[in-house]
$ cat work.cif   # mmCIF, C-alpha atoms and all ligand atoms
data_start
#
loop_
_atom_site.label_atom_id
_atom_site.label_comp_id
_atom_site.auth_asym_id
_atom_site.auth_seq_id
_atom_site.Cartn_x
_atom_site.Cartn_y
_atom_site.Cartn_z
CA MET A 1 -1.02 -23.57 0.89
CA SER A 2 0.14 -20.00 1.15
CA HIS A 3 -2.07 -17.09 0.24
CA LYS A 4 -1.30 -14.36 -2.22
CA ALA A 5 -2.07 -10.74 -1.45
CA VAL A 6 -2.33 -7.28 -2.89
CA PHE A 7 -0.89 -4.81 -0.40
CA LEU A 8 -2.46 -1.37 -0.62
CA ASP A 9 -1.07 1.98 0.38
CA LYS A 10 -3.89 4.09 1.83
CA ASP A 11 -3.35 7.80 1.40
CA GLY A 12 -3.37 8.87 -2.23
CA THR A 13 -3.86 5.27 -3.38
CA LEU A 14 -7.03 3.87 -1.80
CA VAL A 15 -8.37 7.22 -0.65
CA ASP A 16 -7.95 10.80 -1.74
CA ASP A 17 -4.97 12.22 0.09
CA VAL A 18 -6.03 14.48 2.96
CA PRO A 19 -2.86 14.90 5.04
CA TYR A 20 -3.10 13.42 8.54
CA ASN A 21 -6.84 12.94 8.26
CA VAL A 22 -8.56 10.52 10.63
CA ASN A 23 -12.08 11.96 10.30
CA PRO A 24 -14.14 9.16 8.74
CA ASP A 25 -16.42 11.70 7.05
CA ARG A 26 -13.48 12.94 4.98
CA ILE A 27 -12.40 9.48 3.80
CA VAL A 28 -13.28 9.22 0.11
CA LEU A 29 -12.22 6.31 -2.08
CA THR A 30 -10.24 7.07 -5.23
CA ALA A 31 -11.89 6.61 -8.61
CA GLY A 32 -12.35 3.04 -9.77
CA VAL A 33 -10.88 1.42 -6.69
CA LEU A 34 -13.83 -0.78 -5.70
CA ALA A 35 -14.27 -2.30 -9.16
CA ALA A 36 -10.56 -3.09 -9.31
CA LEU A 37 -10.52 -4.63 -5.83
CA GLN A 38 -13.58 -6.75 -6.66
CA GLN A 39 -11.67 -8.23 -9.58
CA LEU A 40 -8.55 -8.86 -7.50
CA GLN A 41 -10.55 -10.47 -4.69
CA GLN A 42 -12.28 -12.65 -7.27
CA ALA A 43 -8.85 -13.77 -8.48
CA GLY A 44 -7.99 -14.95 -4.98
CA TYR A 45 -5.91 -12.11 -3.61
CA LEU A 46 -6.17 -11.05 0.01
CA LEU A 47 -6.43 -7.26 0.28
CA ILE A 48 -4.31 -5.69 3.02
CA VAL A 49 -3.62 -2.04 3.83
CA ILE A 50 -0.02 -1.01 4.51
CA THR A 51 0.12 2.62 5.65
CA ASN A 52 2.50 5.11 7.25
CA GLN A 53 0.68 7.07 9.95
CA SER A 54 3.31 9.36 11.43
CA GLY A 55 0.52 11.63 12.66
CA VAL A 56 0.58 9.45 15.78
CA ALA A 57 4.27 10.14 16.48
CA ARG A 58 3.80 13.80 15.59
CA GLY A 59 0.94 14.14 18.08
CA PHE A 60 -1.73 15.00 15.53
CA PHE A 61 -4.03 12.16 16.57
CA PRO A 62 -4.00 9.22 18.99
CA GLU A 63 -3.23 5.71 17.78
CA SER A 64 -6.81 4.76 18.69
CA ALA A 65 -8.12 7.05 15.92
CA LEU A 66 -6.76 4.60 13.37
CA ALA A 67 -9.26 1.95 14.45
CA VAL A 68 -12.02 4.28 13.26
CA VAL A 69 -10.25 4.76 9.93
CA TRP A 70 -9.98 0.99 9.52
CA LEU A 71 -13.68 0.54 10.27
CA LYS A 72 -14.62 3.23 7.76
CA LEU A 73 -12.56 1.56 5.05
CA GLN A 74 -14.11 -1.81 5.87
CA SER A 75 -17.58 -0.36 5.53
CA LEU A 76 -16.79 1.40 2.23
CA PHE A 77 -15.36 -1.85 0.86
CA ALA A 78 -18.28 -3.90 2.16
CA SER A 79 -20.69 -1.79 0.13
CA ALA A 80 -19.17 -3.50 -2.92
CA GLY A 81 -18.71 -6.93 -1.34
CA VAL A 82 -14.98 -6.39 -0.93
CA VAL A 83 -13.31 -7.77 2.21
CA LEU A 84 -10.43 -5.87 3.72
CA THR A 85 -8.42 -8.67 5.30
CA ASP A 86 -6.21 -6.55 7.53
CA PHE A 87 -4.87 -3.08 8.19
CA TYR A 88 -1.23 -2.49 9.12
CA TYR A 89 0.08 0.92 10.05
CA CYS A 90 3.35 2.44 11.17
CA PRO A 91 2.67 5.04 13.91
CA HIS A 92 6.34 6.02 14.18
CA HIS A 93 8.54 8.84 13.02
CA PRO A 94 12.15 9.49 14.06
CA GLU A 95 11.38 13.20 14.48
CA GLY A 96 8.11 12.64 16.30
CA LEU A 97 7.21 14.28 19.58
CA ILE A 98 5.20 11.54 21.25
CA GLN A 99 6.81 8.65 23.11
CA PRO A 100 7.12 5.75 22.46
CA TYR A 101 6.49 6.50 18.78
CA ALA A 102 9.41 8.86 18.13
CA ILE A 103 11.81 6.21 16.89
CA ALA A 104 13.53 5.04 13.73
CA CYS A 105 11.59 1.82 13.20
CA GLN A 106 11.61 -1.11 10.79
CA CYS A 107 8.03 -0.65 9.70
CA ARG A 108 7.82 2.84 8.19
CA LYS A 109 7.85 2.55 4.40
CA PRO A 110 10.23 2.43 2.52
CA GLN A 111 11.14 -0.24 5.07
CA PRO A 112 9.36 -3.56 4.47
CA GLY A 113 8.47 -4.38 8.09
CA LEU A 114 4.70 -4.13 7.77
CA LEU A 115 4.62 -6.37 4.70
CA LEU A 116 6.82 -8.94 6.40
CA GLN A 117 4.57 -8.91 9.47
CA ALA A 118 1.45 -9.30 7.32
CA ALA A 119 3.03 -12.20 5.44
CA GLN A 120 3.79 -13.94 8.72
CA ASP A 121 0.35 -13.31 10.20
CA HIS A 122 -1.60 -14.43 7.14
CA ASP A 123 0.70 -17.07 5.61
CA ILE A 124 1.32 -15.02 2.46
CA ASP A 125 3.74 -15.92 -0.31
CA LEU A 126 5.35 -12.54 -0.99
CA SER A 127 6.73 -13.66 -4.34
CA GLN A 128 3.16 -14.08 -5.56
CA SER A 129 2.01 -10.80 -4.08
CA TRP A 130 1.89 -7.18 -5.13
CA MET A 131 2.39 -3.78 -3.51
CA ILE A 132 0.39 -0.86 -4.92
CA GLY A 133 1.19 2.74 -4.02
CA ASP A 134 1.29 6.29 -5.26
CA ILE A 135 4.90 7.07 -4.33
CA LEU A 136 8.26 5.35 -4.68
CA HIS A 137 8.53 4.64 -0.93
CA ASP A 138 5.69 2.16 -1.48
CA VAL A 139 7.55 0.58 -4.37
CA ALA A 140 10.76 0.32 -2.35
CA ALA A 141 8.98 -1.40 0.54
CA GLY A 142 7.30 -3.83 -1.82
CA ARG A 143 10.50 -4.67 -3.65
CA GLU A 144 12.44 -5.14 -0.42
CA ALA A 145 9.77 -7.57 0.78
CA GLY A 146 10.03 -9.54 -2.46
CA CYS A 147 6.76 -8.45 -4.04
CA ARG A 148 5.98 -7.17 -7.48
CA THR A 149 5.12 -3.51 -7.46
CA ILE A 150 2.87 -1.07 -9.27
CA LEU A 151 3.16 2.68 -9.03
CA LEU A 152 -0.28 4.24 -9.37
CA ASP A 153 1.07 7.44 -10.85
CA ASN A 154 -1.48 10.10 -10.05
CA GLY A 155 0.91 12.98 -9.58
CA ASN A 156 1.64 12.43 -5.89
CA GLU A 157 5.26 11.38 -6.43
CA THR A 158 7.34 14.47 -7.08
CA GLU A 159 10.93 13.50 -6.29
CA TRP A 160 11.40 10.58 -8.72
CA ASP A 161 14.46 9.19 -7.00
CA LEU A 162 14.45 6.16 -9.32
CA THR A 163 17.20 3.88 -8.13
CA PRO A 164 16.72 0.22 -9.11
CA ALA A 165 15.42 -0.56 -5.60
CA ARG A 166 12.72 2.11 -6.06
CA SER A 167 11.72 1.46 -9.68
CA PRO A 168 8.23 0.03 -10.05
CA HIS A 169 7.74 -3.15 -12.06
CA PHE A 170 4.76 -1.43 -13.64
CA GLN A 171 3.54 2.13 -13.73
CA VAL A 172 -0.10 2.93 -14.47
CA HIS A 173 -2.45 5.87 -14.15
CA CYS A 174 -5.73 4.35 -12.98
CA TRP A 175 -7.15 1.53 -10.89
CA ALA A 176 -8.58 -0.29 -13.89
CA ASP A 177 -5.02 -0.64 -15.17
CA VAL A 178 -3.79 -1.85 -11.78
CA ALA A 179 -6.26 -4.73 -11.90
CA GLN A 180 -5.58 -5.41 -15.55
CA THR A 181 -1.82 -5.51 -14.95
CA ILE A 182 -2.05 -7.97 -12.06
CA LEU A 183 -4.64 -10.21 -13.70
CA THR A 184 -2.69 -10.53 -16.94
CA GLN A 185 0.75 -10.99 -15.39
CA LEU A 186 1.59 -14.59 -14.57
CA VAL A 187 3.93 -14.89 -11.63
CA THR A 188 6.02 -17.32 -13.64
CA ASP A 189 6.78 -14.57 -16.15
CA PRO A 190 10.22 -13.07 -15.80
CA LEU A 191 10.24 -9.72 -14.07
CA PRO A 192 10.30 -6.87 -16.56
CA GLN A 193 13.33 -4.65 -16.53
CA PRO A 194 12.76 -1.00 -15.73
CA PRO A 195 12.56 1.01 -18.95
CA ALA A 196 15.84 2.67 -19.85
CA LEU A 197 14.40 6.13 -19.37
CA MET A 198 13.66 5.32 -15.74
CA LEU A 199 17.26 4.44 -14.87
CA PRO A 200 19.19 7.13 -13.01
MG MG A 301 0.39 7.24 -0.44
ZN ZN A 302 7.15 2.08 12.30
#

$ encode --input "work.cif" --output "structure tokens"
Amino acid sequence: MSHKAVFLDKDGTLVDDVPYNVNPDRIVLTAGVLAALQQLQQAGYLLIVITNQSGVARGFFPESALAVVWLKLQSLFASAGVVLTDFYYCPHHPEGLIQPYAIACQCRKPQPGLLLQAAQDHDIDLSQSWMIGDILHDVAAGREAGCRTILLDNGNETEWDLTPARSPHFQVHCWADVAQTILTQLVTDPLPQPPALMLP
């Protein structure tokens, strides 16, 4: 039987956004995240990070620094009994400086490559899974992969390029509402239409 998952953007969603940070001492979880993830884990969802890390391609930090970030997240989660199943990152950027990372790839969100890889690796049914992020690139990647999507609107999205492919299924302002939304939404329910005001 396939698993279901909640895919989690990292910067600005799981942790306070500190641009290009890989210092574990500066990794701070966002408000309410552990309680929400406890509930989702309890409901049988795997929890998997899906993150763009173009700092590698830009030469700001080595790819190996991301292993430390992953470990730090695991330990923060473990303090609340939450298991982080896996951690997928895109180290690329087409305008990067460092080879072989300076490429246009299939895994940098809004592309769905990391979600598709995670689904393959962990036998995940994407149609029963969710992508949570703080910007519309996260939503676009989740939709393209066939997931339901929630925009955790905390002010980090500023462009609001709301085409249908980038419109979140749900938009909330806190982690408690993320958990509540997922736990009360049956996957057999029809997908909600984007509200009229969100159409371009
Ligand atoms: Mg983010
Ligand atoms: Zn990539």

$ residues_around --input "work.cif" --residues "Asp138 in chain A" --least-positions-apart "6" --cutoff "9 Å" --atoms "all atoms listed in the file" --output "ChimeraX atom specification"
/A:8-9,50,109-111,131-132,149-151,166

$ closest_residue --input "work.cif" --among "A:Ser2, A:Asn52, A:Ser79, A:Thr13" --to "Val172 in chain A" --atoms "all atoms listed in the file"
A:Thr13

$ residues_near_ligand --input "work.cif" --ligand "ligand MG 301 (chain A)" --cutoff "12 Å" --atoms "all atoms listed in the file" --output "short mmCIF file (atom, residue, chain, number, x, y, z; two decimals) with C-alpha atoms, in the coordinates of the input"
data_model
loop_
_atom_site.label_atom_id
_atom_site.label_comp_id
_atom_site.auth_asym_id
_atom_site.auth_seq_id
_atom_site.Cartn_x
_atom_site.Cartn_y
_atom_site.Cartn_z
CA LEU A 8 -2.46 -1.37 -0.62
CA ASP A 9 -1.07 1.98 0.38
CA LYS A 10 -3.89 4.09 1.83
CA ASP A 11 -3.35 7.80 1.40
CA GLY A 12 -3.37 8.87 -2.23
CA THR A 13 -3.86 5.27 -3.38
CA LEU A 14 -7.03 3.87 -1.80
CA VAL A 15 -8.37 7.22 -0.65
CA ASP A 16 -7.95 10.80 -1.74
CA ASP A 17 -4.97 12.22 0.09
CA VAL A 18 -6.03 14.48 2.96
CA PRO A 19 -2.86 14.90 5.04
CA TYR A 20 -3.10 13.42 8.54
CA THR A 30 -10.24 7.07 -5.23
CA VAL A 49 -3.62 -2.04 3.83
CA ILE A 50 -0.02 -1.01 4.51
CA THR A 51 0.12 2.62 5.65
CA ASN A 52 2.50 5.11 7.25
CA GLN A 53 0.68 7.07 9.95
CA LYS A 109 7.85 2.55 4.40
CA PRO A 110 10.23 2.43 2.52
CA MET A 131 2.39 -3.78 -3.51
CA ILE A 132 0.39 -0.86 -4.92
CA GLY A 133 1.19 2.74 -4.02
CA ASP A 134 1.29 6.29 -5.26
CA ILE A 135 4.90 7.07 -4.33
CA LEU A 136 8.26 5.35 -4.68
CA HIS A 137 8.53 4.64 -0.93
CA ASP A 138 5.69 2.16 -1.48
CA VAL A 139 7.55 0.58 -4.37
CA LEU A 151 3.16 2.68 -9.03
CA LEU A 152 -0.28 4.24 -9.37
CA ASP A 153 1.07 7.44 -10.85
CA ASN A 154 -1.48 10.10 -10.05
CA GLY A 155 0.91 12.98 -9.58
CA ASN A 156 1.64 12.43 -5.89
CA GLU A 157 5.26 11.38 -6.43
#

$ closest_residue --input "work.cif" --among "A:Gly32, A:Gly81, A:Pro91, A:Pro24" --to "ligand ZN 302 (chain A)" --atoms "all atoms listed in the file"
A:Pro91

$ closest_residue --input "work.cif" --among "A:Leu34, A:His169, A:Gln42, A:Ala80" --to "Gln185 in chain A" --atoms "all atoms listed in the file"
A:His169

$ residues_near_ligand --input "work.cif" --ligand "ligand ZN 302 (chain A)" --cutoff "6 Å" --atoms "all atoms listed in the file" --output "PDB file with C-alpha atoms, keeping the file's coordinate frame"
ATOM      1  CA  CYS A  90       3.350   2.440  11.170  1.00  0.00           C
ATOM      2  CA  PRO A  91       2.670   5.040  13.910  1.00  0.00           C
ATOM      3  CA  HIS A  92       6.340   6.020  14.180  1.00  0.00           C
ATOM      4  CA  CYS A 105      11.590   1.820  13.200  1.00  0.00           C
ATOM      5  CA  GLN A 106      11.610  -1.110  10.790  1.00  0.00           C
ATOM      6  CA  CYS A 107       8.030  -0.650   9.700  1.00  0.00           C
ATOM      7  CA  ARG A 108       7.820   2.840   8.190  1.00  0.00           C
TER       8      ARG A 108
END

$ atom_distance --input "work.cif" --atom1 "CA of Ala141 in chain A" --atom2 "CA of Leu116 in chain A"
9.8 Å

$ atom_distance --input "work.cif" --atom1 "CA of Gly113 in chain A" --atom2 "CA of Leu162 in chain A"
21.2 Å

$ atom_distance --input "work.cif" --atom1 "CA of Val28 in chain A" --atom2 "CA of Leu46 in chain A"
21.5 Å

$ closest_residue --input "work.cif" --among "A:Glu63, A:Arg148, A:Met1, A:Pro112" --to "Val178 in chain A" --atoms "all atoms listed in the file"
A:Arg148

$ build_atoms --input "work.cif" --residues "range 21-36 of chain A" --atoms "N, CA and C atoms" --output "PDB file, in the coordinates of the input"
ATOM      1  N   ASN A  21      -5.417  13.022   7.948  1.00  0.00           N
ATOM      2  CA  ASN A  21      -6.840  12.940   8.260  1.00  0.00           C
ATOM      3  C   ASN A  21      -7.212  11.623   8.944  1.00  0.00           C
ATOM      4  N   VAL A  22      -7.963  11.712  10.025  1.00  0.00           N
ATOM      5  CA  VAL A  22      -8.560  10.520  10.630  1.00  0.00           C
ATOM      6  C   VAL A  22     -10.076  10.692  10.808  1.00  0.00           C
ATOM      7  N   ASN A  23     -10.627  11.752  10.249  1.00  0.00           N
ATOM      8  CA  ASN A  23     -12.080  11.960  10.300  1.00  0.00           C
ATOM      9  C   ASN A  23     -12.748  11.072   9.258  1.00  0.00           C
ATOM     10  N   PRO A  24     -13.556  10.096   9.703  1.00  0.00           N
ATOM     11  CA  PRO A  24     -14.140   9.160   8.740  1.00  0.00           C
ATOM     12  C   PRO A  24     -14.996   9.841   7.680  1.00  0.00           C
ATOM     13  N   ASP A  25     -15.571  10.994   8.014  1.00  0.00           N
ATOM     14  CA  ASP A  25     -16.420  11.700   7.050  1.00  0.00           C
ATOM     15  C   ASP A  25     -15.622  12.271   5.880  1.00  0.00           C
ATOM     16  N   ARG A  26     -14.312  12.379   6.058  1.00  0.00           N
ATOM     17  CA  ARG A  26     -13.480  12.940   4.980  1.00  0.00           C
ATOM     18  C   ARG A  26     -12.708  11.856   4.235  1.00  0.00           C
ATOM     19  N   ILE A  27     -13.060  10.595   4.486  1.00  0.00           N
ATOM     20  CA  ILE A  27     -12.400   9.480   3.800  1.00  0.00           C
ATOM     21  C   ILE A  27     -13.193   9.139   2.549  1.00  0.00           C
ATOM     22  N   VAL A  28     -12.608   9.422   1.402  1.00  0.00           N
ATOM     23  CA  VAL A  28     -13.280   9.220   0.110  1.00  0.00           C
ATOM     24  C   VAL A  28     -12.405   8.315  -0.753  1.00  0.00           C
ATOM     25  N   LEU A  29     -12.992   7.244  -1.249  1.00  0.00           N
ATOM     26  CA  LEU A  29     -12.220   6.310  -2.080  1.00  0.00           C
ATOM     27  C   LEU A  29     -11.835   6.963  -3.401  1.00  0.00           C
ATOM     28  N   THR A  30     -10.676   6.563  -3.931  1.00  0.00           N
ATOM     29  CA  THR A  30     -10.240   7.070  -5.230  1.00  0.00           C
ATOM     30  C   THR A  30     -11.059   6.422  -6.344  1.00  0.00           C
ATOM     31  N   ALA A  31     -11.047   7.055  -7.486  1.00  0.00           N
ATOM     32  CA  ALA A  31     -11.890   6.610  -8.610  1.00  0.00           C
ATOM     33  C   ALA A  31     -11.525   5.205  -9.056  1.00  0.00           C
ATOM     34  N   GLY A  32     -12.547   4.369  -9.191  1.00  0.00           N
ATOM     35  CA  GLY A  32     -12.350   3.040  -9.770  1.00  0.00           C
ATOM     36  C   GLY A  32     -11.796   1.986  -8.833  1.00  0.00           C
ATOM     37  N   VAL A  33     -11.569   2.356  -7.575  1.00  0.00           N
ATOM     38  CA  VAL A  33     -10.880   1.420  -6.690  1.00  0.00           C
ATOM     39  C   VAL A  33     -11.730   0.192  -6.367  1.00  0.00           C
ATOM     40  N   LEU A  34     -13.018   0.373  -6.119  1.00  0.00           N
ATOM     41  CA  LEU A  34     -13.830  -0.780  -5.700  1.00  0.00           C
ATOM     42  C   LEU A  34     -13.956  -1.818  -6.810  1.00  0.00           C
ATOM     43  N   ALA A  35     -14.156  -1.350  -8.038  1.00  0.00           N
ATOM     44  CA  ALA A  35     -14.270  -2.300  -9.160  1.00  0.00           C
ATOM     45  C   ALA A  35     -12.981  -3.089  -9.322  1.00  0.00           C
ATOM     46  N   ALA A  36     -11.854  -2.407  -9.168  1.00  0.00           N
ATOM     47  CA  ALA A  36     -10.560  -3.090  -9.310  1.00  0.00           C
ATOM     48  C   ALA A  36     -10.361  -4.107  -8.181  1.00  0.00           C
TER      49      ALA A  36
END
